[in-house]
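This is target.txt (compact mmCIF, C-alpha atoms).
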# COMPACT_ATOMS: atom_id res chain seq x y z
CA MET A 1 10.51 -15.49 2.42
CA LYS A 2 7.98 -14.91 -0.36
CA VAL A 3 5.40 -12.17 0.19
CA LEU A 4 1.87 -12.06 -1.28
CA GLY A 5 -0.12 -8.83 -1.18
CA ILE A 6 -3.88 -8.37 -1.30
CA GLY A 7 -5.28 -4.91 -1.99
CA ASN A 8 -7.72 -2.73 -3.87
CA ALA A 9 -6.56 -2.86 -7.49
CA LEU A 10 -6.98 0.74 -8.66
CA LEU A 11 -5.30 2.34 -11.65
CA ASP A 12 -4.01 5.81 -10.73
CA VAL A 13 -4.67 8.29 -13.52
CA LEU A 14 -2.84 11.59 -12.95
CA LEU A 15 -4.14 14.57 -14.92
CA ARG A 16 -2.61 18.03 -14.98
CA LEU A 17 -5.29 20.70 -15.33
CA ASP A 18 -4.85 23.96 -17.21
CA SER A 19 -7.31 25.57 -14.83
CA ASP A 20 -9.76 24.67 -12.09
CA ASP A 21 -12.65 25.23 -14.49
CA THR A 22 -12.44 21.53 -15.33
CA LEU A 23 -13.29 20.68 -11.74
CA SER A 24 -16.36 22.90 -11.84
CA GLU A 25 -17.46 21.33 -15.10
CA MET A 26 -17.16 17.86 -13.54
CA GLY A 27 -18.96 18.96 -10.39
CA ILE A 28 -16.00 18.07 -8.15
CA LYS A 29 -14.90 20.16 -5.18
CA LYS A 30 -11.24 21.16 -5.30
CA GLY A 31 -9.07 19.33 -2.79
CA ALA A 32 -11.69 16.69 -2.07
CA MET A 33 -11.04 12.95 -1.90
CA ASP A 34 -14.35 11.41 -2.90
CA LEU A 35 -15.63 7.97 -3.76
CA VAL A 36 -17.70 8.08 -6.96
CA ASP A 37 -20.04 5.61 -8.65
CA GLU A 38 -19.70 4.10 -12.12
CA SER A 39 -21.75 6.75 -13.92
CA LYS A 40 -19.72 9.57 -12.35
CA MET A 41 -16.45 7.84 -13.25
CA LYS A 42 -17.57 7.47 -16.87
CA GLU A 43 -18.45 11.18 -16.89
CA ILE A 44 -15.01 12.07 -15.53
CA GLN A 45 -13.26 9.80 -18.03
CA LYS A 46 -15.12 11.47 -20.88
CA ALA A 47 -14.25 14.96 -19.63
CA GLN A 48 -10.58 14.06 -19.14
CA SER A 49 -10.08 12.49 -22.58
CA GLY A 50 -8.15 15.48 -23.97
CA LEU A 51 -5.98 16.22 -20.92
CA PRO A 52 -2.29 15.29 -20.54
CA ARG A 53 -2.20 12.15 -18.43
CA SER A 54 -0.04 9.46 -16.90
CA GLU A 55 -1.20 6.06 -15.70
CA ALA A 56 0.24 3.70 -13.11
CA PRO A 57 -1.06 0.80 -11.06
CA GLY A 58 -2.09 2.11 -7.68
CA GLY A 59 -3.40 1.03 -4.34
CA SER A 60 -1.25 0.84 -1.22
CA VAL A 61 -0.38 -2.86 -1.35
CA CYS A 62 0.29 -2.74 -5.08
CA ASN A 63 2.83 0.04 -4.50
CA THR A 64 4.53 -2.07 -1.85
CA MET A 65 4.68 -5.24 -3.95
CA ARG A 66 6.07 -3.37 -6.95
CA ALA A 67 8.87 -1.84 -4.89
CA MET A 68 9.69 -5.19 -3.31
CA ALA A 69 9.91 -6.81 -6.75
CA ARG A 70 12.24 -4.05 -7.94
CA LEU A 71 14.57 -4.96 -5.09
CA GLY A 72 14.52 -8.58 -6.24
CA ALA A 73 11.93 -10.09 -3.89
CA ASP A 74 9.55 -12.85 -4.92
CA ALA A 75 6.34 -10.82 -4.63
CA GLY A 76 2.79 -11.63 -5.70
CA TYR A 77 -0.39 -9.58 -5.81
CA ILE A 78 -4.08 -10.43 -5.63
CA GLY A 79 -6.74 -7.96 -6.74
CA LYS A 80 -10.00 -7.82 -8.67
CA ILE A 81 -10.27 -6.03 -12.02
CA GLY A 82 -12.70 -5.59 -14.90
CA ASP A 83 -12.35 -6.65 -18.53
CA ASP A 84 -11.61 -3.13 -19.80
CA HIS A 85 -8.57 -1.09 -20.88
CA VAL A 86 -7.87 -0.03 -17.30
CA GLY A 87 -7.70 -3.64 -16.13
CA ARG A 88 -5.40 -4.64 -19.00
CA VAL A 89 -3.04 -1.74 -18.32
CA TYR A 90 -3.01 -2.58 -14.62
CA GLU A 91 -2.01 -6.19 -15.18
CA GLU A 92 0.58 -5.32 -17.83
CA GLU A 93 2.32 -2.82 -15.55
CA ILE A 94 2.27 -5.25 -12.62
CA ARG A 95 4.02 -7.86 -14.76
CA LYS A 96 6.58 -5.34 -16.03
CA ALA A 97 7.52 -4.54 -12.42
CA GLY A 98 8.24 -8.21 -11.77
CA VAL A 99 5.24 -8.92 -9.56
CA ASN A 100 3.37 -12.21 -10.01
CA PRO A 101 -0.29 -11.28 -10.67
CA PHE A 102 -3.21 -13.35 -9.39
CA PHE A 103 -6.18 -11.34 -10.62
CA VAL A 104 -9.84 -12.15 -10.26
CA ARG A 105 -11.60 -10.81 -13.35
CA THR A 106 -15.18 -9.72 -13.86
CA GLU A 107 -17.20 -7.93 -16.52
CA GLY A 108 -17.32 -4.14 -16.54
CA ILE A 109 -14.92 -1.32 -15.79
CA SER A 110 -12.04 -1.65 -13.35
CA GLY A 111 -11.41 0.45 -10.28
CA CYS A 112 -9.71 3.75 -10.94
CA SER A 113 -8.48 6.68 -8.88
CA THR A 114 -8.40 9.88 -10.92
CA VAL A 115 -6.00 12.46 -9.49
CA LEU A 116 -6.67 15.94 -10.86
CA ILE A 117 -3.68 18.22 -10.30
CA SER A 118 -4.52 21.93 -10.28
CA PRO A 119 -2.08 24.57 -11.59
CA ASP A 120 -1.20 25.41 -7.96
CA GLY A 121 -0.30 21.76 -7.28
CA GLU A 122 -3.33 20.89 -5.16
CA ARG A 123 -4.72 17.42 -5.76
CA THR A 124 -8.37 16.49 -6.14
CA MET A 125 -9.18 12.79 -6.14
CA ALA A 126 -12.18 10.89 -7.47
CA THR A 127 -12.03 7.16 -6.75
CA PHE A 128 -14.21 4.47 -8.24
CA LEU A 129 -13.55 1.23 -6.36
CA GLY A 130 -15.50 -0.89 -8.83
CA PRO A 131 -14.85 -4.62 -8.63
CA ALA A 132 -11.84 -4.07 -6.33
CA ALA A 133 -14.22 -3.71 -3.39
CA THR A 134 -16.08 -6.97 -4.16
CA LEU A 135 -13.12 -9.37 -3.91
CA SER A 136 -14.09 -12.25 -1.62
CA ASP A 137 -12.24 -14.95 0.26
CA GLU A 138 -13.96 -17.61 -1.89
CA GLU A 139 -12.32 -16.21 -5.03
CA ILE A 140 -8.79 -16.82 -3.72
CA LEU A 141 -7.34 -20.32 -4.07
CA ASP A 142 -5.45 -22.16 -1.35
CA GLU A 143 -2.83 -23.08 -3.94
CA THR A 144 -2.14 -19.37 -4.48
CA LEU A 145 -1.65 -18.72 -0.78
CA GLN A 146 0.52 -21.82 -0.38
CA GLN A 147 3.09 -20.44 -2.83
CA TYR A 148 3.99 -17.74 -0.28
CA ASP A 149 5.24 -17.41 3.28
CA CYS A 150 3.73 -14.07 4.27
CA LEU A 151 0.45 -12.32 3.45
CA TYR A 152 0.49 -8.50 3.41
CA MET A 153 -2.80 -6.57 3.53
CA GLU A 154 -3.99 -2.98 3.74
CA GLY A 155 -6.34 -1.76 6.45
CA TYR A 156 -8.75 -0.40 3.84
CA LEU A 157 -9.87 -3.99 3.23
CA ILE A 158 -11.41 -4.24 6.70
CA SER A 159 -14.69 -2.86 5.35
CA ASN A 160 -14.95 -5.92 3.06
CA GLU A 161 -16.50 -8.48 5.40
CA LYS A 162 -16.35 -11.25 2.80
CA LEU A 163 -12.59 -10.90 2.49
CA PHE A 164 -10.74 -9.36 5.44
CA LEU A 165 -11.14 -11.73 8.38
CA PRO A 166 -11.83 -14.93 6.38
CA ILE A 167 -8.62 -14.62 4.32
CA ILE A 168 -6.53 -13.76 7.38
CA LYS A 169 -7.82 -16.82 9.21
CA ARG A 170 -7.19 -19.04 6.18
CA ALA A 171 -3.68 -17.70 5.67
CA LYS A 172 -2.80 -18.40 9.30
CA SER A 173 -4.27 -21.91 9.07
CA LEU A 174 -2.01 -22.54 6.07
CA GLY A 175 1.05 -21.46 8.03
CA LEU A 176 1.61 -17.98 6.57
CA LYS A 177 2.68 -14.99 8.62
CA VAL A 178 0.31 -12.02 8.26
CA ALA A 179 1.42 -8.40 7.97
CA LEU A 180 -1.10 -5.54 8.10
CA ASP A 181 -0.85 -1.82 7.41
CA LEU A 182 -3.48 0.19 9.29
CA SER A 183 -3.76 2.54 6.25
CA ASN A 184 -5.68 5.47 7.74
CA PHE A 185 -6.59 6.76 11.20
CA ASN A 186 -10.24 6.95 10.14
CA ILE A 187 -10.15 3.21 9.46
CA VAL A 188 -8.78 2.65 12.96
CA HIS A 189 -11.46 4.83 14.55
CA GLY A 190 -14.25 3.19 12.54
CA PHE A 191 -13.21 -0.42 13.13
CA LYS A 192 -11.30 -0.20 16.40
CA ASP A 193 -13.22 -2.96 18.19
CA LEU A 194 -12.65 -5.41 15.34
CA LEU A 195 -8.97 -4.48 15.07
CA LYS A 196 -8.54 -5.02 18.81
CA GLU A 197 -9.76 -8.58 18.27
CA VAL A 198 -7.98 -9.37 15.00
CA ILE A 199 -4.51 -7.90 15.63
CA PRO A 200 -3.56 -9.85 18.79
CA ALA A 201 -5.10 -13.06 17.43
CA TYR A 202 -3.78 -13.14 13.86
CA ILE A 203 -1.32 -10.35 12.96
CA ASP A 204 2.44 -10.93 13.12
CA ILE A 205 3.71 -7.62 11.71
CA LEU A 206 1.80 -4.34 12.09
CA PHE A 207 2.65 -1.15 10.19
CA SER A 208 1.17 2.22 11.24
CA ASN A 209 1.97 5.90 11.21
CA GLU A 210 1.81 7.96 14.38
CA SER A 211 -1.81 9.10 13.93
CA GLU A 212 -2.95 5.50 13.33
CA ALA A 213 -0.93 4.21 16.28
CA GLU A 214 -2.44 6.90 18.50
CA ALA A 215 -5.95 6.06 17.28
CA TYR A 216 -5.34 2.38 18.09
CA THR A 217 -3.77 2.85 21.53
CA GLY A 218 -4.79 6.34 22.65
CA LEU A 219 -1.11 7.09 23.23
CA PRO A 220 1.59 9.09 21.41
CA ALA A 221 3.85 7.12 19.05
CA TYR A 222 6.76 6.65 21.47
CA ASP A 223 4.44 4.97 23.97
CA ALA A 224 2.09 3.36 21.43
CA ILE A 225 4.91 1.22 20.01
CA ASP A 226 5.27 -0.53 23.38
CA VAL A 227 1.55 -1.27 23.62
CA ILE A 228 1.33 -2.55 20.04
CA SER A 229 4.38 -4.78 20.49
CA GLY A 230 2.41 -6.64 23.14
CA ASP A 231 -0.06 -7.68 20.44
CA VAL A 232 2.26 -8.60 17.56
CA GLU A 233 5.69 -10.07 16.81
CA ILE A 234 6.96 -6.90 15.12
CA SER A 235 5.46 -3.42 15.45
CA ILE A 236 6.46 -0.48 13.24
CA VAL A 237 5.35 3.14 13.69
CA THR A 238 6.53 5.70 11.14
CA ILE A 239 6.85 9.22 12.54
CA GLY A 240 7.30 11.38 9.45
CA LYS A 241 10.41 13.54 9.34
CA ASP A 242 11.49 12.03 12.67
CA GLY A 243 11.92 8.60 11.09
CA VAL A 244 10.52 5.32 12.37
CA LEU A 245 10.13 3.32 15.57
CA ALA A 246 10.26 -0.48 15.45
CA LYS A 247 10.08 -3.09 18.16
CA LYS A 248 10.46 -6.86 18.33
CA ASN A 249 10.32 -8.52 21.73
CA ASP A 250 12.65 -6.46 23.97
CA GLN A 251 14.53 -4.86 21.06
CA LYS A 252 13.38 -1.34 20.23
CA ILE A 253 14.98 0.98 17.67
CA HIS A 254 14.54 4.51 16.39
CA ASP A 255 15.84 4.99 12.85
CA SER A 256 16.15 8.59 11.65
CA ALA A 257 14.61 9.67 8.35
CA LEU A 258 16.92 10.56 5.47
CA ASP A 259 17.53 14.29 5.08
CA ASN A 260 15.94 14.42 1.62
CA SER A 261 13.97 17.18 -0.08
CA VAL A 262 10.24 16.57 0.11
CA ILE A 263 8.36 17.05 -3.16
CA ASP A 264 5.46 14.65 -2.63
CA THR A 265 4.89 12.29 0.33
CA THR A 266 2.55 10.04 -1.68
CA GLY A 267 3.65 6.42 -1.29
CA ALA A 268 6.16 7.05 1.52
CA GLY A 269 4.54 4.53 3.85
CA ASP A 270 4.02 2.00 1.05
CA ASN A 271 7.68 2.12 0.06
CA PHE A 272 8.84 1.97 3.67
CA ALA A 273 6.83 -1.24 4.10
CA ALA A 274 8.42 -2.61 0.93
CA GLY A 275 11.93 -1.97 2.18
CA PHE A 276 11.22 -3.32 5.65
CA LEU A 277 9.55 -6.49 4.37
CA PHE A 278 12.37 -7.02 1.86
CA GLY A 279 14.93 -6.91 4.63
CA TYR A 280 12.80 -9.11 6.85
CA SER A 281 12.34 -11.63 4.01
CA LEU A 282 16.13 -12.03 3.81
CA GLY A 283 16.58 -12.49 7.54
CA ALA A 284 17.92 -8.97 8.19
CA ASN A 285 17.71 -7.67 11.73
CA LEU A 286 15.25 -5.02 12.90
CA GLU A 287 17.62 -2.10 12.39
CA GLN A 288 18.71 -3.20 8.90
CA SER A 289 15.11 -3.73 7.79
CA ALA A 290 14.13 -0.28 9.07
CA GLN A 291 17.09 1.32 7.30
CA ILE A 292 16.09 -0.26 3.98
CA GLY A 293 12.54 0.98 4.51
CA SER A 294 13.79 4.49 5.25
CA LEU A 295 15.98 4.38 2.14
CA LEU A 296 13.02 3.64 -0.10
CA SER A 297 10.65 6.13 1.55
CA GLY A 298 13.37 8.80 1.41
CA ASN A 299 13.68 8.31 -2.34
CA VAL A 300 9.98 8.29 -3.20
CA ILE A 301 9.29 11.61 -1.47
CA GLU A 302 11.69 13.29 -3.89
CA THR A 303 9.43 12.55 -6.86
CA VAL A 304 5.77 13.05 -7.77
CA GLY A 305 3.66 9.95 -7.26
CA ALA A 306 3.98 6.68 -5.39
CA GLN A 307 6.71 5.12 -7.56
CA ILE A 308 10.45 5.67 -7.22
CA ALA A 309 12.03 7.07 -10.38
CA GLU A 310 13.48 4.41 -12.68
CA ASP A 311 16.99 5.88 -12.74
CA ARG A 312 17.34 5.55 -8.95
CA TRP A 313 16.96 1.80 -8.55
CA GLU A 314 20.51 0.66 -9.33
CA GLN A 315 21.94 3.07 -6.75
CA ILE A 316 19.28 2.03 -4.24
CA LYS A 317 20.17 -1.64 -4.70
CA LEU A 318 23.84 -0.89 -4.06
CA LYS A 319 22.91 0.92 -0.83
CA VAL A 320 20.65 -1.95 0.23
CA ASP A 321 23.53 -4.38 -0.28
CA GLY A 322 25.67 -2.14 1.93
CA ILE A 323 23.06 -2.15 4.68
CA LEU A 324 22.73 -5.94 4.55
CA ARG A 325 26.50 -6.41 4.88
CA LYS A 326 26.70 -4.44 8.14

Would you kindly transcribe this structure into structure tokens?
Amino acid sequence: MKVLGIGNALLDVLLRLDSDDTLSEMGIKKGAMDLVDESKMKEIQKAQSGLPRSEAPGGSVCNTMRAMARLGADAGYIGKIGDDHVGRVYEEEIRKAGVNPFFVRTEGISGCSTVLISPDGERTMATFLGPAATLSDEEILDETLQQYDCLYMEGYLISNEKLFLPIIKRAKSLGLKVALDLSNFNIVHGFKDLLKEVIPAYIDILFSNESEAEAYTGLPAYDAIDVISGDVEISIVTIGKDGVLAKKNDQKIHDSALDNSVIDTTGAGDNFAAGFLFGYSLGANLEQSAQIGSLLSGNVIETVGAQIAEDRWEQIKLKVDGILRK
């Protein structure tokens, strides 16, 4: 099964600050996660020009597609970028990871999430969505969708009325399965009525964490999984250090999390989805798919950022092969 992701194409720029004075100079509150406009992003980019930095393609779905490709899956990605350096870096890194890019391009600067890391480790984020938030259903070709068997989307896209529901309906009409990650409990609270309509009607696989599952059902994770499974073919609820719950029809499993040291939980859910979808794409059963997801999420939390360290992949692939042979 080939999987195509659609998400907000945002380059993650990680900057390590010498002091929090830089935040004051930029007019950004420490620890905040704010959306900023183009002028503010240009101001931040100018102020950060001399700081040590690392860049990587970001956005939840992008993280998932990159990890799937590293495992050997046929993964594609649709996003909207500008004609600037950020957009060029984004596409280049996507290709390097083995993901097939289907970018919609426009004039101007691309979306960017600047992560400012204070000396004490606290993160302050300034995100400019840019053209990523203007992607529309009309800009995506049927021939692109028809190359894949499953469409994977992030819940953040629900605020984009010109994309979210129209592309889901079109994908289903073309015979694709649709997988959705709820992304954030605030998204669920803000769009609950729409989600209650869309999920039972169009979604085949639903990913959520326990706070999102509770926001959707009003029940704790262990009960929420049963309610959600009535709406979709496969329901998955990650429960942090306690692992993951998954259910398909009458089969329900609880897979324990790996006993790994937690350095940074960024990207844990994205990598779990990658592992689960990879297993599912190969016809693995529910338990095997969950174990592959837990393997990937357990590795990413041991490093800073949403990407698993390069030197871990060969060992991960060997372990995945072992899981699939069970």

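Residue nearest Glu55 (chain A) within the list A:Ala273, A:Leu11, A:Ala32, A:Ala213: A:Leu11 [criterion: smallest interatomic distance, all atoms listed in the file].
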
Distance of CA of Leu206 (chain A) from CA of Lys192 (chain A), expressed in Å to one decimal place: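 Computing the Euclidean distance for CA of Lys192 (chain A) and CA of Leu206 (chain A) yields 14.4 Å.
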
Residue contacts of Tyr156 (chain A) (12 Å, all atoms listed in the file) excluding same-chain residues fewer than 3 positions away, as a list in words: Ile6, Gly7, Asn8, Ala9, Gly59, Ser60, Val61, Leu129, Ala132, Ala133, Met153, Ser159, Asn160, Glu161, Leu163, Phe164, Leu180, Asp181, Leu182, Ser183, Asn184, Phe185, Asn186, Ile187, Val188, Gly190, Phe191 and Leu195 of chain A

Quick one: residues within 6 Å of Glu302 (chain A), all atoms listed in the file counted, chain neighbours fewer than 2 positions away excluded, as a compact mmCIF listing (two decimals) with C-alpha atoms, in the frame of the given file?
# COMPACT_ATOMS: atom_id res chain seq x y z
CA SER A 261 13.97 17.18 -0.08
CA VAL A 262 10.24 16.57 0.11
CA ILE A 263 8.36 17.05 -3.16
CA ASN A 299 13.68 8.31 -2.34
CA VAL A 300 9.98 8.29 -3.20

Within 12 Å of Asp193 (chain A) using all atoms listed in the file, minus same-chain residues under 5 positions, as an MDAnalysis selection string: chainID A and resid 158 187:188 198:200 215:217

Test item: residues at most 9 Å from Gly269 (chain A), all atoms listed in the file, excluding those fewer than 2 positions along its chain, as number ranges by chain: A: 60, 64, 183, 207-209, 238, 265-267, 271-274, 293, 297

Just C-alpha atoms for this one: save the residues we selected as a PDB file, in the coordinates of the input.
ATOM      1  CA  SER A  60      -1.250   0.840  -1.220  1.00  0.00           C
ATOM      2  CA  THR A  64       4.530  -2.070  -1.850  1.00  0.00           C
ATOM      3  CA  SER A 183      -3.760   2.540   6.250  1.00  0.00           C
ATOM      4  CA  PHE A 207       2.650  -1.150  10.190  1.00  0.00           C
ATOM      5  CA  SER A 208       1.170   2.220  11.240  1.00  0.00           C
ATOM      6  CA  ASN A 209       1.970   5.900  11.210  1.00  0.00           C
ATOM      7  CA  THR A 238       6.530   5.700  11.140  1.00  0.00           C
ATOM      8  CA  THR A 265       4.890  12.290   0.330  1.00  0.00           C
ATOM      9  CA  THR A 266       2.550  10.040  -1.680  1.00  0.00           C
ATOM     10  CA  GLY A 267       3.650   6.420  -1.290  1.00  0.00           C
ATOM     11  CA  ASN A 271       7.680   2.120   0.060  1.00  0.00           C
ATOM     12  CA  PHE A 272       8.840   1.970   3.670  1.00  0.00           C
ATOM     13  CA  ALA A 273       6.830  -1.240   4.100  1.00  0.00           C
ATOM     14  CA  ALA A 274       8.420  -2.610   0.930  1.00  0.00           C
ATOM     15  CA  GLY A 293      12.540   0.980   4.510  1.00  0.00           C
ATOM     16  CA  SER A 297      10.650   6.130   1.550  1.00  0.00           C
TER      17      SER A 297
END

Near-region 75-89 of chain A list (6 Å; all atoms listed in the file; drop same-chain fewer than 6 positions) as a list in words: Val3, Leu4, Gly5, Ile6, Gly7, Ala9, Met65, Ala69, Val99, Asn100, Pro101, Phe102, Phe103, Val104, Arg105, Thr106, Glu107, Gly108, Ile109, Ser110, Pro131, Ala132 and Leu135 of chain A

Selected residue, from A:Glu43, A:Asp311, A:Glu122, A:Asp12, that lies nearest to Gly27 (chain A) when counting only C-alpha atoms: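 The shortest atom-to-atom distance to Gly27 (chain A) comes from A:Glu43.
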
CA of Tyr280 (chain A) to CA of Tyr148 (chain A), straight-line distance in Å: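 Taking CA of Tyr148 (chain A) as the start and CA of Tyr280 (chain A) as the end point, the length is 14.2 Å.
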
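The spacing separating CA of Ile323 (chain A) from CA of Ile234 (chain A) amounts to 19.8 Å.
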
Selected residue of minimal separation from Lys317 (chain A) among A:Thr124, A:Gly283, A:Arg16, A:Phe278, counting all atoms listed in the file: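 Ranked by minimum distance to Lys317 (chain A), first place goes to A:Phe278.
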
Residue with smallest distance to Asp242 (chain A) - pool A:Ser294, A:Glu212, A:Gly305, A:Glu197, counting all atoms listed in the file: A:Ser294

Residue list as an MDAnalysis selection string for point (-2.9, -21.3, 7.4), cut-off 12 Å, only C-alpha atoms: chainID A and resid 142:143 145:151 166:178 202

Minimum-distance residue to Leu23 (chain A), chosen among A:Arg53, A:Ser118, A:Asn63, A:Met1 (using all atoms listed in the file): A:Ser118

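Counting all atoms listed in the file and comparing A:Ala221, A:Met68, A:Ala56, A:Cys62, the residue that lies closest to Ile292 (chain A) is A:Met68.
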